[in-house]
Amino acid sequence: MNEVIIIYALTLLLAWPLGRYIAGVYSGETGMGGRVFLPVENGLYSLCGIDPGQPMTWQGYGRALLKFHLMLGLLIFGLLMAQGLLFLNPDGIGGMSWDLSLHTAVSFLTNTNQQHYSGQASLSYLAHTFGIVTLQVVTPAAGMATLFAILRTIFGGRDARTGGSPEARVSVGNFYQDLTRAIVRVMLPLAAVAALLLASQGVPSTYEGAQTVQPLDSNVAMEQQEIPVGPVAPMVAIKQLGTNGGGWYGANSAVPLENPTPLSNLVETVSIVLIPAALVFALGFFTGRRRLAQVVMGVMVVMSVGLASVAIWQENMPNAAFSSLAAEGPNLEGKEVRFGATATALWGSWTTQTSNGSVNGMHDSFNPIGGMVPIMDMFINVIFGGVGVGLIGFLLFLLLAAFLGSLMIGRAPEIAGKPLETREIKLVCIALLLQPLLILGFSAVTLAFPGLTGNSNPGYHGISQVIYEYTSAFANNGSGFEGLNDNSIWWNITCAVNLILGRFIPMLAPLAIAASLASKRTAPEGRGSLSLDTGTFGLMTLAVIVMFTLLSFMPVLILGPIAEAMATIH
Amino acid sequence: MSRKPDTTMQSIKMGEILIQSLSRLSPRSLARNPVMFVVAVGTVVTALLAGAHMTQGVPFGMDLAIAGILLVTVLFANGAESIAEARGKAQAGALRATRENLQARKVTDKGEESIAAGDLRKGDRVRVRPDELIPGDGEIVEGASTINESAVTGESAPVLREAGTDNSGVSAGTKVLSDEIVVEITVDPGNSLLDRMIALVEGAKRQKTPNELALSVLLAAMTLVFLIVVVSLVPTSGFVGIDPSYSVLVALLVCLIPTTIGGLLPAIGIAGMDRAMRANVIAKSGKAVEVAGSVDTLLLDKTGTITLGDRRATAFETTPGVAAEELRDAALLTSLADPTPEGKSVVTLAGDQGSTAKAGEDVRFVEFSATTRMSGIDFPDGRQLRKGATDAIRNFVVEKGGHYPDEADRLAERVAQKGATPLVVAEGGRVLGVIALSDVIKGGIRERFARLREMGVKTVMITGDNPTTAAAIAAEAGVDDFLAEATPEQKLKFIREEQQQEGRLVAMMGDGTNDAPALAQADLGLAMNSGTQAAREASNMVDLDSDPGKLIDVVEIGKQLLITRGSLTTFSLANDVAKYFAILPALFLASTPALGALNILDLSSPMNAVLAATVFNALVIPALIPFALRGVRFKPASAEQLLIRNLLIFGLGGLLLPFPTIKVLDLIITVFI
C-alpha cells in the first residue's frame with residue numbers, strides 16, 4: 001500500500017514543475033527554453049516552409065491537423081505493407097495484410113497503439129523505429145498542441161483576433177508552431193531522459209538482429225532460442241510518456257526485456273501519468289487560474305484513487321478458481337510475479353485512466369470486478385486521460401456541468417463569463433453522443449453475430465472482451481482484454497472507424513466550441529456568476545462525469561463483469 | 001408592487017385541460033418535443049405488442065399496462081403545458097376582454113366616424129371623451145387627462161397623461177376620467193402588447209427561447225444516448241441467452257429519457273411569462289425574461305426608485321452671528337408663498353421646531369417661479385426676506401448692496417456633501433443661513449440592494465443631481481455606483497462603454513422619448529406604461545404599474561425561471577439511477593438468477609418492479625407541475641450558496657427520492673395485483 005502512495009506522490013511532485021515548464025513553453029513569443037530550442041525549431045520551420053507566426057482560425061487549425069495526420073497515416077500504411085522489401089530488417093519480417101496495416105497505421109496515428117499483432121514478430125526495425133516510434137512522438141504532441149489552442153482560445157485575452165466574421169476572426173494559434181514546440185521541447189527531451197534510465201536498467205537498445213541463445217533449462221525441447229532485441233529502450237520510454245502504450249514485444253511491459261527491474265517498473269509507471277498530470281498543472285500556470293487547476297486535479301485524483309483502489313483491492317483477493325485450494329493469496333493469474341498483484345493493478349488502472357494502454361500484466365485475467373476497473377477508466381477516459389486529449393475531454397464535461405450549474409443559480413449558462421448557447425451545446429452533445437453510439441453500437445452488432453467476435457469465452461466474459469476492445473479503441477487506449485481473434489477484417493475495420501472518430505471528433509469539437517466562445521462577449525466573473533474553481537463545482541463536475549458514464553454503460557457493465565462476478569460467487 | 005392574485009386552478013376547467021391534452025397528441029404537436037415524442041412512439045409500440053400478443057394468445061396484460069402508463073405519461077406532460085397556457089391566457093384574456101366590442105371615434109378629414117376598435121390601424125387618430133374607454137394602445141397627441149388604468153394595472157388611483165410629455169402613453173381598455181383627448185393609435189390589430197403577450201403563452205405558437213433551445217438539444221441528445229443504450233441491449237443480452245421483453249425495454253427507455261424535464265419544459269417557459277404578467281410586467285419576448293436572470297448591472301433612476309421622489313427640509317444651518325430662531329422664522333415666512341412640496345416641508349419643519357412667526361398685515365408675497373428660483377416676503381417696513389437657490393440669492397444679496405459671505409458658500413457645500421440640496425435664506429443684503437433639503441430614501445431599499453449585491457447584481461443610480469449630492473445619496477441608499485448629472489447621451493454611453501464592452505448585461509428602466517436609445521441599447525429595457533410610445537417600442541418589457549422598482553422583481557423572475565429549468569433537469573437525470581436498479585434486475589432476473597442481488601429494493605416481482613418504476617416516472621410529472629408553474633423557491637443568495645442548495649435538493653434529492661417511492665409503489669401494486 002505504501003508503494004502506491006509513494007508512486008502517486010512522486011508522480012504529482014514531478015508533474016508540478018513539468019507543468020510549469022510546459023505552460024512556459026506555450027507562453028509568449030519564444031516560450032520557455034526558447035534560447036536552447038528555437039534554433040532547432042526555426043531550422044525545422046524553414047525546412048518545411050512553415051511560417052510559425054501565421055494565425056489560424058479553428059477551421060484552419062483543424063485542417064492543418066487533419067492534413068498532417070493524413071499524410072503521416074498514408075506513409076505508415078505504405079511502410080507497413082512494404083516493410084518486407086525495405087531495409088533495416090535483419091530478421092526478414094514480411095509485409096502486413098492491407099486491413100492489418102490499415103488498423104495498425106490508424107491505431108498508432110490516433111495515439112492508441114491497439115495492436116492486432118505481436119510487435120517483435122511482425123514489425124521490422126525500420127517500421128518500428130521510423131514508423132511506429134515517429135507516431136509515438138508526434139501524436140501526443142498533436143494532442144498537447146490542440147489542448148493549448150483550446151485553452152488559449154477559451155481563457156485567453158481578446159487580442160487573438162484576425163478579422164472577418166465573428167467566429168472566423170478568432171485565431172486559435174498556429175498548429176505547426178504548437179506541434180513543433182511539443183515535440184522539440186517536451187516529448188523528445190523527456191523521452192531521452194527516460195530512455196537512458198531504462199537502458200541503464202538493461203532494456204535492450206541495439207540495431208543488431210535477434211540473439212540466439214541456448215536455453216538454460218534442458219528440459220525444454222529446444223536446441224536454441226531466438227531472442228528478438230532492437231532499439232527497445234527509446235521506444236518503451238516514449239510509449240510510456242506519450243500515452244501510447246504500444247510496446248516492442250507483444251506482451252508489452254510484462255516482458256523482462258521491456259521492464260527488467262523494480263526501478264524500471266517505477267520509471268515506467270510514473271511515466272504513464274507524468275505528462276497528463278503535468279498538463280493539469282500547466283492549465284493553471286498557462287491561464288492564471290491556479291484554483292481551477294487544483295479543482296480539476298482534485299476531481300481527477302479522487303476518481304483515479306477511487307478506481308485504482310477497487311482494482312488493487314480486487315487483485316489482492318484470491319482468484320475464484322482457486323478458492324477451494326488450501327493456499328490462498330492474491331490473484332496472480334496473468335501477472336508477472338516479479339511485480340505482484342498491487343503493482344500490476346496500479347499499472348492497469350493508470351494505463352487505462354490515461355489512455356496509455358501499455359500493460360505489465362493480463363487484464364483479461366483480473367478478477368471480474370478488478371477487470372471492470374480498466375473498462376470504467378476507459379469509459380470515463382478523462383481521469384488524466386491521453387496527453388492533451390484527456391484534459392480536452394474533461395473540458396467537455398466541465399462545459400456540461402457549467403451549463404447545468406449556471407441554470408441552477410439562475411443565470412443563462414456561461415463558462416468563464418462566456419455564454420453557452422445552442423451551438424456550443426450541440427457540439428458538446430455530438431462529442432459525448434459518439435461514445436455510446438460507437439462503443440455500444442459496434443459491440444451490439446459484433447455480439448449479434450458471434451461469428452464475428454472470434455472470442456475465447458462465451459457468456460458474460462465474452463461481453464466484457466468485446467466491450468473492452470471497442471472501448472479501448474474509442475478511448476484511444478490501446479490495451480486489450482485479449483482473448484479475441486482480433487486480426488480479422490471485421491475487427492480491423494470497425495476498430496479503425498472507432499479509432500479515427502474517437503480521436504478527432506472529441507478533439508475538434510472542443511476547438512470549435514472554444515472559437516465560438518471566444519467570439520462572444522466576456523462577462524466579468526463575480527459573486528453572481530458560476531465560479532469554476534470551487535469545491536462545489538468540482539463535486540458537481542465529478543457527479544456529471546460519473547452519472548454520464550454510469551447511465552450510458554450500466555447495462556453492459558451489469559451484463560459483463562458484474563454478472564460474471566455474481567456468477568462466480570454463487 | 002401590486003401582484004395580482006393567483007388565478008387558481010379552480011378558474012381553469014379541468015375538462016378543457018383534458019380536451020387540450022388529448023388534442024396535443026397529434027403527431028405535429030408531439031414533434032415539437034423530442035422527449036415526449038419518443039414516449040408517444042413507445043406507447044404505440046407497446047400497444048401494438050399487446051395486440052400482437054393477444055392474437056397469438058400469449059399473456060398481454062403487461063404490454064397493455066405499460067402502454068397505458070406511457071399514454072398517461074404523455075397526457076400528463078400535455079396537461080402541464082395546457083394548464084400553464086390556460087393560466088397565462090386567463091391572465092391576458094382578462095386584460096383583453098375589456099377591449100372587445102368597443103367602438104372607437106376615429107378622427108378623419110370629414111370629421112368623425114365610428115368604427116370597431118378591432119379595425120383601428122397604426123396611425124389612426126381617435127377622440128376619447130371622459131368616461132370612455134381608450135380603444136387601442138397609443139399616444140396622446142392632443143390634450144391631457146387623468147386616466148383610470150386599474151383595468152390594466154389593478155391600481156385604482158388615477159394617473160395624469162398629457163400630450164407632448166414623457167407621460168403621453170395610454171393603453172387599450174383604460175378609462176379617460178377628466179378631459180377629452182385625441183389618441184394616435186400606434187399598433188396594428190393583433191399586434192398590441194397584449195396580443196404579443198398572449199402569443200407568448202400559447203404553446204403551439206410559442207417560439208422556444210435561446211436557452212430553452214439549448215436545453216432541448218441537450219435533452220434530445222440524452223434521449224438519443226438512452227435509445228442507443230436500450231437498443232444495443234437486445235443483442236448484448238441475447239449473447240448470454242437473455243431474451244428481454246420488448247415492452248419492458250420500451251418501459252426502460254421511457255424511464256431513462258428525461259421525461260420529467262422534457263414534459264415540463266414548455267410549461268416552465270409559459271409559466272415564466274405568466275409570472276411576469278402577474279407582476280404586471282408585459283414581456284415582448286420570452287428571451288427578455290431569460291435575460292433578466294443574467295443581468296449584471298441595474299440602472300435605476302434615483303427619483304421614485306431609490307428616493308420617495310420629493311425632497312424635504314431636514315435642517316436649518318445658520319451663518320455665524322445669526323440666531324437659530326431668526327433663521328427658522330425667516331425660513332417659514334419666505335416659504336408661505338411657496339406651494340411646492342419643498343416649500344411646504346420648510347413650513348412644517350419650522351413649525352415643528354417651535355416657530356410661531358406670522359406674516360402680519362400688508363405684506364407682499366413673492367411667489368416661487370422657475371425663472372427667479374426664489375420665493376419670499378416683502379414687509380411694509382421695507383424688510384425683504386428671500387429664500388432660494390444659492391446663485392439666485394447671491395445675485396439678490398449683491399443687488400441689495402450686501403456682501404455674500406464665504407461662510408455661506410462653505411455651509412452650502414457642507415449641506416450638499418451630505419446629499420442634501422441647500423437653499424439660502426437672506427434678509428436684504430444679509431445672509432441668514434441655509435435650509436437643507438434632503439431626499440428621503442425609501443424604506444427597505446438598502447436591504448434590497450444588499451440582496452442584489454448578494455446575488456452579484458450591481459446597482460447604479462442615475463440622477464440629474466450634481467456628483468456631490470449623488471455620492472451622498474448613493475452612499476446612504478447603498479447602491480454600488482452612480483451616474484450624476486446624467487443626460488440621455490451619457491446613459492447610452494455608460495451602458496455601451498462602461499458596461500457592455502466589459503461584457504456585462506445591463507437592465508434599465510425609462511419612460512421618456514430621450515430614454516429610448518438607452519432602453520434599446522440595454523440588454524433588458526423596461527419601459528413604464530405611462531411612458532412615450534418611443535420608449536415602449538425601444539424596450540423589451542413594459543411595466544403596467546410604471547413602478548421604477550419593478551426591475552428588481554423582473555430580475556428575480558428571470559432567475560427563478562432559469563433555476564427551475566436547471567433544477568428539474570438535474571432532478572430528472574438523477575432519478576435514473578434508481579430506475580435502473582428497479583428495471584435492470586427485472587429484465588435479466590428470469591434468465592440470470594445470479595443478478596438477483598441487484599434487486600436492492602427487494603421489489604416483489606420483475607413485473608411489479610417495472611410497473612412501479614414507470615408509474616413513478618409518470619407521476620413525477622404532475623407532482624412537479626406546481627414547481628413548474630410557481631417556480632422553485634428562490635431566495636437571494638450568492639451563486640455558491642444557491643448551487644449548494646439546489647444540488648442538495650434536486651441532485652441528491654433526485655438521486656435518493658425514487659428509491660423509497662418506487663418501493664412504496666411496488667407495495668401498492670402488490671395489493672392490487
# chains A, B, ... in the order shown; residues from 1 in each chain; ligands from 1
$ interface_residues --of "chain B" --to "chain A" --cutoff "6 Å" --atoms "only C-alpha atoms" --output "list in words"
Ala214, Ser232, Pro235, Thr236, Phe239, Val240, Gly293, Ser294, Met455, Gly456, Gly503, Arg504, Lys559, Leu562, Ile563, Gly566, Ser567, Ala594, Ser638, Ala639, Leu642 and Leu643 of chain B
$ select_by_dssp --residues "range 322-569 of chain B" --states "helix (DSSP H, G or I)" --output "MDAnalysis selection string"
chainID B and resid 324:335 341:352 390:399 406:417 445:454 467:477 488:502 513:521 533:538 550:569
$ atom_distance --atom1 "CA of Ile132 in chain A" --atom2 "CA of Ile76 in chain A"
7.9 Å
$ closest_residue --among "B:Ala471, B:Tyr580, B:Ser375, B:Leu75" --to "Val229 in chain B" --atoms "only C-alpha atoms"
B:Tyr580
$ closest_residue --among "A:Gly19, A:Gly246, A:Pro231, A:Gly31" --to "Ser124 in chain A" --atoms "only C-alpha atoms"
A:Pro231
$ select_by_dssp --residues "range 351-495 of chain A" --states "strand (DSSP E)" --output "PyMOL selection string"
chain A and resi 414-415+418-419
$ write_last_selection --atoms "N, CA and C atoms" --output "PDB file, in the first residue's frame"
ATOM      1  N   GLU A 414     -23.141  29.911 -18.801  1.00  0.00           N
ATOM      2  CA  GLU A 414     -21.896  30.537 -19.242  1.00  0.00           C
ATOM      3  C   GLU A 414     -20.725  29.789 -18.638  1.00  0.00           C
ATOM      4  N   ILE A 415     -19.570  29.921 -19.298  1.00  0.00           N
ATOM      5  CA  ILE A 415     -18.343  29.370 -18.734  1.00  0.00           C
ATOM      6  C   ILE A 415     -17.281  30.445 -18.848  1.00  0.00           C
ATOM      7  N   LYS A 418     -18.345  33.476 -20.587  1.00  0.00           N
ATOM      8  CA  LYS A 418     -18.794  33.451 -21.981  1.00  0.00           C
ATOM      9  C   LYS A 418     -20.046  32.587 -22.118  1.00  0.00           C
ATOM     10  N   PRO A 419     -21.054  33.104 -22.822  1.00  0.00           N
ATOM     11  CA  PRO A 419     -22.338  32.402 -22.871  1.00  0.00           C
ATOM     12  C   PRO A 419     -22.275  31.067 -23.609  1.00  0.00           C
TER      13      PRO A 419
END
$ atom_distance --atom1 "CA of Leu656 in chain B" --atom2 "CA of Leu264 in chain B"
20.9 Å
$ residues_around --residues "Val397 in chain B" --least-positions-apart "2" --cutoff "8 Å" --atoms "only C-alpha atoms" --output "number ranges by chain"
B: 393-395, 399-404, 426, 428-431
$ residues_around --residues "Gly250 in chain A" --least-positions-apart "6" --cutoff "12 Å" --atoms "only C-alpha atoms" --output "PyMOL selection string"
chain A and resi 113-123+228+257-258+358-362+479-480+482
$ residues_around --residues "Leu44 in chain A" --least-positions-apart "2" --cutoff "12 Å" --atoms "only C-alpha atoms" --output "count of residues only"
20
$ atom_distance --atom1 "CA of Ile227 in chain A" --atom2 "CA of Thr212 in chain A"
6.1 Å
$ closest_residue --among "A:Ser171, A:Asn111, A:Ser472, A:Thr11" --to "Gly60 in chain A" --atoms "only C-alpha atoms"
A:Ser171
$ residues_around --residues "Leu177 in chain B" --least-positions-apart "5" --cutoff "7 Å" --atoms "only C-alpha atoms" --output "VMD selection string"
chain B and resid 130 to 131 145 to 148
$ write_last_selection --atoms "N, CA and C atoms" --output "compact mmCIF listing (two decimals), in the first residue's frame"
# COMPACT_ATOMS: atom_id res chain seq x y z
N PRO B 130 -64.46 61.95 -21.74
CA PRO B 130 -64.48 61.44 -20.37
C PRO B 130 -65.45 60.28 -20.22
N ASP B 131 -65.08 59.37 -19.35
CA ASP B 131 -65.86 58.17 -19.05
C ASP B 131 -65.90 57.17 -20.20
N SER B 145 -55.33 64.37 -19.71
CA SER B 145 -56.46 63.87 -18.94
C SER B 145 -55.98 62.96 -17.83
N THR B 146 -56.77 62.87 -16.81
CA THR B 146 -56.49 61.83 -15.83
C THR B 146 -57.14 60.55 -16.33
N ILE B 147 -56.44 59.46 -16.10
CA ILE B 147 -56.88 58.19 -16.66
C ILE B 147 -56.89 57.14 -15.58
N ASN B 148 -57.92 56.36 -15.56
CA ASN B 148 -58.00 55.23 -14.63
C ASN B 148 -57.45 53.99 -15.33
$ decode --residues "range 57-184 of chain B" --atoms "C-alpha atoms" --output "tab-separated table (two decimals), in the first residue's frame"
chain	number	residue	atom	x	y	z
B	57	GLY	CA	-52.83	-15.97	-27.35
B	58	VAL	CA	-49.88	-15.19	-25.12
B	59	PRO	CA	-50.27	-13.06	-21.97
B	60	PHE	CA	-50.52	-9.43	-22.96
B	61	GLY	CA	-51.52	-7.73	-19.71
B	62	MET	CA	-48.04	-6.38	-19.06
B	63	ASP	CA	-47.76	-4.86	-22.53
B	64	LEU	CA	-51.15	-3.26	-22.15
B	65	ALA	CA	-50.34	-1.91	-18.70
B	66	ILE	CA	-47.11	-0.34	-19.92
B	67	ALA	CA	-48.85	1.15	-22.96
B	68	GLY	CA	-51.46	2.63	-20.66
B	69	ILE	CA	-48.91	4.14	-18.28
B	70	LEU	CA	-46.94	5.61	-21.16
B	71	LEU	CA	-50.06	7.16	-22.63
B	72	VAL	CA	-50.82	8.70	-19.26
B	73	THR	CA	-47.23	9.98	-19.12
B	74	VAL	CA	-47.71	11.82	-22.41
B	75	LEU	CA	-51.07	13.16	-21.26
B	76	PHE	CA	-49.54	14.42	-18.02
B	77	ALA	CA	-46.91	16.32	-19.96
B	78	ASN	CA	-49.53	17.73	-22.33
B	79	GLY	CA	-51.67	18.62	-19.34
B	80	ALA	CA	-48.82	20.55	-17.72
B	81	GLU	CA	-48.45	22.65	-20.83
B	82	SER	CA	-52.20	23.11	-21.12
B	83	ILE	CA	-52.55	24.27	-17.53
B	84	ALA	CA	-49.72	26.75	-17.89
B	85	GLU	CA	-51.21	28.02	-21.11
B	86	ALA	CA	-54.69	28.30	-19.64
B	87	ARG	CA	-53.39	30.27	-16.67
B	88	GLY	CA	-51.46	32.62	-18.89
B	89	LYS	CA	-54.37	33.08	-21.24
B	90	ALA	CA	-56.79	33.68	-18.40
B	91	GLN	CA	-54.49	36.41	-17.18
B	92	ALA	CA	-54.11	38.01	-20.60
B	93	GLY	CA	-57.71	37.35	-21.54
B	94	ALA	CA	-58.95	39.28	-18.53
B	95	LEU	CA	-56.98	42.24	-19.77
B	96	ARG	CA	-58.22	41.88	-23.29
B	97	ALA	CA	-61.89	41.33	-22.50
B	98	THR	CA	-62.31	44.99	-21.69
B	99	ARG	CA	-61.42	45.90	-25.22
B	100	GLU	CA	-63.80	43.70	-27.09
B	101	ASN	CA	-66.95	45.17	-28.61
B	102	LEU	CA	-65.53	48.63	-28.13
B	103	GLN	CA	-66.49	51.35	-30.59
B	104	ALA	CA	-63.93	53.99	-31.45
B	105	ARG	CA	-64.48	57.53	-32.66
B	106	LYS	CA	-62.00	57.85	-35.49
B	107	VAL	CA	-60.93	61.36	-36.47
B	108	THR	CA	-60.97	61.78	-40.26
B	109	ASP	CA	-60.77	64.70	-42.68
B	110	LYS	CA	-64.55	64.85	-42.78
B	111	GLY	CA	-64.97	64.81	-39.05
B	112	GLU	CA	-65.51	61.66	-37.03
B	113	GLU	CA	-66.66	58.20	-37.87
B	114	SER	CA	-67.47	55.34	-35.58
B	115	ILE	CA	-65.60	52.10	-36.22
B	116	ALA	CA	-64.94	48.91	-34.26
B	117	ALA	CA	-61.84	49.09	-32.06
B	118	GLY	CA	-60.54	45.93	-33.70
B	119	ASP	CA	-60.35	47.70	-37.06
B	120	LEU	CA	-58.09	50.51	-35.92
B	121	ARG	CA	-54.77	50.69	-37.73
B	122	LYS	CA	-51.50	52.19	-36.77
B	123	GLY	CA	-51.55	55.94	-37.32
B	124	ASP	CA	-55.32	56.31	-36.88
B	125	ARG	CA	-56.40	59.08	-34.53
B	126	VAL	CA	-59.32	58.63	-32.21
B	127	ARG	CA	-61.10	61.07	-29.97
B	128	VAL	CA	-61.92	59.84	-26.48
B	129	ARG	CA	-64.24	61.68	-24.14
B	130	PRO	CA	-64.48	61.44	-20.37
B	131	ASP	CA	-65.86	58.17	-19.05
B	132	GLU	CA	-64.98	56.39	-22.29
B	133	LEU	CA	-62.50	53.55	-22.71
B	134	ILE	CA	-59.42	54.05	-24.82
B	135	PRO	CA	-59.83	51.70	-27.80
B	136	GLY	CA	-56.20	50.89	-28.54
B	137	ASP	CA	-52.60	51.29	-27.42
B	138	GLY	CA	-51.36	54.67	-28.41
B	139	GLU	CA	-50.10	58.06	-27.53
B	140	ILE	CA	-51.99	61.23	-26.64
B	141	VAL	CA	-51.41	63.81	-29.36
B	142	GLU	CA	-53.88	66.42	-28.14
B	143	GLY	CA	-54.98	67.30	-24.66
B	144	ALA	CA	-54.32	65.93	-21.23
B	145	SER	CA	-56.46	63.87	-18.94
B	146	THR	CA	-56.49	61.83	-15.83
B	147	ILE	CA	-56.88	58.19	-16.66
B	148	ASN	CA	-58.00	55.23	-14.63
B	149	GLU	CA	-55.66	52.39	-15.53
B	150	SER	CA	-57.00	49.95	-12.98
B	151	ALA	CA	-58.23	47.59	-15.71
B	152	VAL	CA	-54.64	47.06	-16.74
B	153	THR	CA	-52.66	47.65	-13.59
B	154	GLY	CA	-55.08	46.95	-10.80
B	155	GLU	CA	-54.12	50.30	-9.31
B	156	SER	CA	-57.19	52.45	-8.62
B	157	ALA	CA	-55.59	55.87	-8.24
B	158	PRO	CA	-55.93	57.81	-11.49
B	159	VAL	CA	-52.83	58.94	-13.35
B	160	LEU	CA	-52.20	62.05	-15.42
B	161	ARG	CA	-51.34	61.60	-19.10
B	162	GLU	CA	-50.51	64.53	-21.30
B	163	ALA	CA	-49.67	65.14	-24.95
B	164	GLY	CA	-46.11	66.18	-25.69
B	165	THR	CA	-44.69	64.97	-22.37
B	166	ASP	CA	-42.93	61.81	-21.32
B	167	ASN	CA	-46.25	60.69	-19.90
B	168	SER	CA	-48.24	60.51	-23.11
B	169	GLY	CA	-48.68	56.75	-23.48
B	170	VAL	CA	-52.06	55.14	-22.96
B	171	SER	CA	-53.19	51.54	-23.07
B	172	ALA	CA	-56.23	49.93	-24.57
B	173	GLY	CA	-59.02	49.34	-22.08
B	174	THR	CA	-58.12	52.12	-19.68
B	175	LYS	CA	-60.71	54.79	-18.88
B	176	VAL	CA	-60.50	58.53	-19.54
B	177	LEU	CA	-61.71	60.42	-16.47
B	178	SER	CA	-61.38	64.17	-16.82
B	179	ASP	CA	-60.84	65.69	-20.24
B	180	GLU	CA	-61.26	64.93	-23.90
B	181	ILE	CA	-58.12	63.72	-25.63
B	182	VAL	CA	-57.03	62.65	-29.10
B	183	VAL	CA	-55.01	59.47	-29.21
B	184	GLU	CA	-52.87	58.30	-32.08
